[in-house]
>>> print(open('start_15.csv').read())   # CSV, C-alpha atoms
chain,number,residue,atom,x,y,z
A,30,MET,CA,20.2,181.6,-123.8
A,31,PRO,CA,23.9,181.3,-124.6
A,32,TYR,CA,25.2,178.5,-126.7
A,33,CYS,CA,26.3,175.6,-124.5
A,34,ASP,CA,29.9,174.6,-124.0
A,35,GLU,CA,29.0,170.9,-124.3
A,36,LYS,CA,25.8,168.9,-125.1
A,37,VAL,CA,26.0,166.2,-122.6
A,38,TYR,CA,23.0,164.2,-123.8
A,39,TYR,CA,20.3,164.5,-126.5
A,40,VAL,CA,17.4,162.4,-127.6
A,41,ASP,CA,14.3,163.1,-129.7
A,42,ASN,CA,11.4,161.4,-131.5
A,43,ASN,CA,11.4,163.7,-134.5
A,44,ASN,CA,11.3,160.7,-136.8
A,45,VAL,CA,7.5,160.6,-136.4
A,46,SER,CA,6.9,163.9,-138.3
A,47,PRO,CA,8.6,165.4,-141.4
A,48,LEU,CA,8.0,168.8,-139.8
A,49,GLY,CA,10.2,168.1,-136.8
A,50,ASP,CA,7.3,167.9,-134.4
A,51,GLY,CA,7.7,165.9,-131.3
A,52,ASP,CA,9.6,165.7,-128.0
A,53,ARG,CA,13.2,166.5,-127.4
A,54,TYR,CA,15.4,166.2,-124.3
A,55,SER,CA,18.8,167.7,-123.9
A,56,ILE,CA,21.4,168.2,-121.1
A,57,LEU,CA,23.5,171.3,-121.7
A,58,LYS,CA,26.8,172.0,-119.9
A,59,TYR,CA,28.1,175.5,-119.3
A,60,GLU,CA,31.7,176.2,-118.1
A,61,ILE,CA,32.5,179.7,-119.2
A,62,ASP,CA,31.8,182.3,-116.6
A,63,GLU,CA,30.4,184.9,-119.0
A,64,LYS,CA,27.8,182.4,-120.2
A,65,ILE,CA,27.0,181.3,-116.7
A,66,ASN,CA,26.5,184.9,-115.6
A,67,LYS,CA,23.9,185.3,-118.5
A,68,ILE,CA,22.1,182.2,-117.4
A,69,ASN,CA,22.0,183.3,-113.8
A,70,LYS,CA,20.2,186.6,-114.9
A,71,MET,CA,17.4,184.7,-116.6
A,72,GLN,CA,13.9,184.7,-114.9
A,73,TRP,CA,14.2,181.3,-113.1
A,74,SER,CA,11.6,180.0,-110.6
A,75,ASP,CA,12.2,177.7,-107.7
A,76,THR,CA,9.0,175.7,-108.3
A,77,LEU,CA,7.6,173.6,-111.2
A,78,ILE,CA,3.9,172.7,-111.2
A,79,SER,CA,3.4,168.9,-110.9
A,80,ASP,CA,1.7,168.3,-114.2
A,81,LYS,CA,4.7,169.7,-116.0
A,82,LYS,CA,7.0,167.5,-113.9
A,83,ASP,CA,4.9,164.5,-114.6
A,84,MET,CA,4.9,165.2,-118.4
A,85,VAL,CA,8.7,165.3,-118.4
A,86,ILE,CA,9.0,162.1,-116.3
A,87,GLN,CA,6.7,160.2,-118.7
A,88,ALA,CA,8.5,161.4,-121.8
A,89,LEU,CA,11.9,160.4,-120.4
A,90,GLU,CA,10.5,156.9,-119.7
A,91,LYS,CA,9.3,156.7,-123.3
A,92,PHE,CA,12.7,157.7,-124.5
A,93,ASN,CA,14.4,155.1,-122.2
A,94,VAL,CA,16.7,157.8,-120.9
A,95,PRO,CA,19.4,156.2,-118.7
A,96,HIS,CA,18.9,156.9,-115.0
A,97,ASP,CA,22.1,159.0,-114.7
A,98,LYS,CA,20.8,161.3,-117.6
A,99,LYS,CA,17.4,162.0,-116.1
A,100,VAL,CA,16.7,165.3,-114.5
A,101,ASP,CA,16.5,164.7,-110.7
A,102,PHE,CA,13.6,166.7,-109.5
A,103,GLU,CA,14.6,166.0,-105.9
A,104,LYS,CA,17.7,168.3,-106.3
A,105,ASN,CA,17.6,172.0,-105.6
A,106,LEU,CA,16.8,173.1,-109.2
A,107,LEU,CA,15.6,176.3,-110.8
A,108,TYR,CA,12.9,176.2,-113.5
A,109,LEU,CA,11.9,178.2,-116.5
A,110,THR,CA,8.9,177.3,-118.6
A,111,ALA,CA,7.4,178.7,-121.8
A,112,THR,CA,4.2,177.8,-123.6
A,113,ARG,CA,3.6,179.0,-127.2
A,114,SER,CA,0.3,177.1,-127.6
A,115,ILE,CA,-1.6,174.4,-125.9
A,116,LYS,CA,0.6,171.8,-127.6
A,117,ASP,CA,4.0,173.6,-127.6
A,118,GLU,CA,6.0,173.6,-124.4
A,119,LEU,CA,9.6,174.3,-123.2
A,120,ILE,CA,10.7,173.3,-119.7
A,121,MET,CA,14.2,174.0,-118.4
A,122,ALA,CA,15.6,172.9,-115.1
A,123,TYR,CA,18.9,174.5,-114.0
A,124,ASP,CA,21.3,172.8,-111.7
A,125,LYS,CA,23.5,175.6,-110.5
A,126,ASP,CA,25.9,173.3,-108.7
A,127,GLU,CA,26.6,171.2,-111.7
A,128,GLU,CA,26.2,174.1,-114.2
A,129,LEU,CA,23.8,171.9,-116.2
A,130,ILE,CA,20.5,172.8,-117.9
A,131,TYR,CA,18.0,170.0,-118.6
A,132,VAL,CA,15.8,171.0,-121.5
A,133,PHE,CA,12.5,169.4,-122.4
A,134,GLU,CA,10.8,170.6,-125.6
A,135,ARG,CA,7.4,169.5,-126.9
A,136,PHE,CA,6.3,170.9,-130.3
A,137,TYR,CA,3.2,169.7,-132.2
>>> encode(input="start_15.csv", output="structure tokens")
Amino acid sequence: MPYCDEKVYYVDNNNVSPLGDGDRYSILKYEIDEKINKINKMQWSDTLISDKKDMVIQALEKFNVPHDKKVDFEKNLLYLTATRSIKDELIMAYDKDEELIYVFERFY
């Protein structure tokens, strides 16, 4: 994934572990066409299973993320997920209209 042009929002709970374990949530903005073209070539899906959506929603509530910074699952988004182990997850939601990627990471 190309380096973002702007990090719109970031929050984490890494202070609970010296190893950097925990949840992280970012909103990344892309404006340069070359980067957007690379993102569009990634293997996005138009669906996200409900338990993953629920996990993100619950984490954002714990973080007290402002409403305007929460991913809006009602919008027409594309998704990419990766699981390294039962405890490690990466969930990305891509808003093509706004050229934003919402990134949720859970590492334990």
>>> residues_around(input="start_15.csv", residues="Ala111 of chain A", least_positions_apart="2", cutoff="10 Å", atoms="all atoms listed in the file", output="MDAnalysis selection string")
chainID A and resid 109 113:114 117:121 134
>>> write_last_selection(input="start_15.csv", atoms="C-alpha atoms", output="mmCIF file, keeping the file's coordinate frame")
data_model
loop_
_atom_site.group_PDB
_atom_site.id
_atom_site.type_symbol
_atom_site.label_atom_id
_atom_site.label_comp_id
_atom_site.auth_asym_id
_atom_site.auth_seq_id
_atom_site.Cartn_x
_atom_site.Cartn_y
_atom_site.Cartn_z
ATOM 1 C CA LEU A 109 11.900 178.200 -116.500
ATOM 2 C CA ARG A 113 3.600 179.000 -127.200
ATOM 3 C CA SER A 114 0.300 177.100 -127.600
ATOM 4 C CA ASP A 117 4.000 173.600 -127.600
ATOM 5 C CA GLU A 118 6.000 173.600 -124.400
ATOM 6 C CA LEU A 119 9.600 174.300 -123.200
ATOM 7 C CA ILE A 120 10.700 173.300 -119.700
ATOM 8 C CA MET A 121 14.200 174.000 -118.400
ATOM 9 C CA GLU A 134 10.800 170.600 -125.600
#
>>> residues_around(input="start_15.csv", residues="Asp126 of chain A", least_positions_apart="4", cutoff="12 Å", atoms="all atoms listed in the file", output="list in words")
Lys58, Tyr59, Glu60, Ile65, Asn69, Lys104, Asn105, Leu106, Leu107 and Ile130 of chain A
>>> atom_distance(input="start_15.csv", atom1="atom CA of Ile68 of chain A", atom2="atom CA of Lys99 of chain A")
20.8 Å
>>> atom_distance(input="start_15.csv", atom1="atom CA of Lys81 of chain A", atom2="atom CA of Tyr123 of chain A")
15.1 Å
>>> residues_around(input="start_15.csv", residues="Lys64 of chain A", least_positions_apart="6", cutoff="10 Å", atoms="only C-alpha atoms", output="short mmCIF file (atom, residue, chain, number, x, y, z; two decimals) with C-alpha atoms, keeping the file's coordinate frame")
data_model
loop_
_atom_site.label_atom_id
_atom_site.label_comp_id
_atom_site.auth_asym_id
_atom_site.auth_seq_id
_atom_site.Cartn_x
_atom_site.Cartn_y
_atom_site.Cartn_z
CA MET A 30 20.20 181.60 -123.80
CA PRO A 31 23.90 181.30 -124.60
CA TYR A 32 25.20 178.50 -126.70
CA CYS A 33 26.30 175.60 -124.50
CA ASP A 34 29.90 174.60 -124.00
#
>>> atom_distance(input="start_15.csv", atom1="atom CA of Val37 of chain A", atom2="atom CA of Lys91 of chain A")
19.2 Å
>>> residues_around(input="start_15.csv", residues="Arg53 of chain A", least_positions_apart="6", cutoff="6 Å", atoms="all atoms listed in the file", output="list in words")
Val40, Asp41, Phe133 and Glu134 of chain A
>>> closest_residue(input="start_15.csv", among="A:Asp52, A:Asp97, A:Glu35, A:Glu90", to="Leu129 of chain A", atoms="all atoms listed in the file")
A:Glu35
>>> closest_residue(input="start_15.csv", among="A:Tyr54, A:Ile61, A:Tyr137, A:Trp73", to="Ile86 of chain A", atoms="all atoms listed in the file")
A:Tyr54
>>> axis_aligned_box(input="start_15.csv", around="segment 50-67 of chain A", padding_each_side="6 Å", output="lines of an AutoDock Vina configuration file")
center_x = 19.9
center_y = 175.5
center_z = -125.0
size_x = 37.2
size_y = 31.6
size_z = 30.8
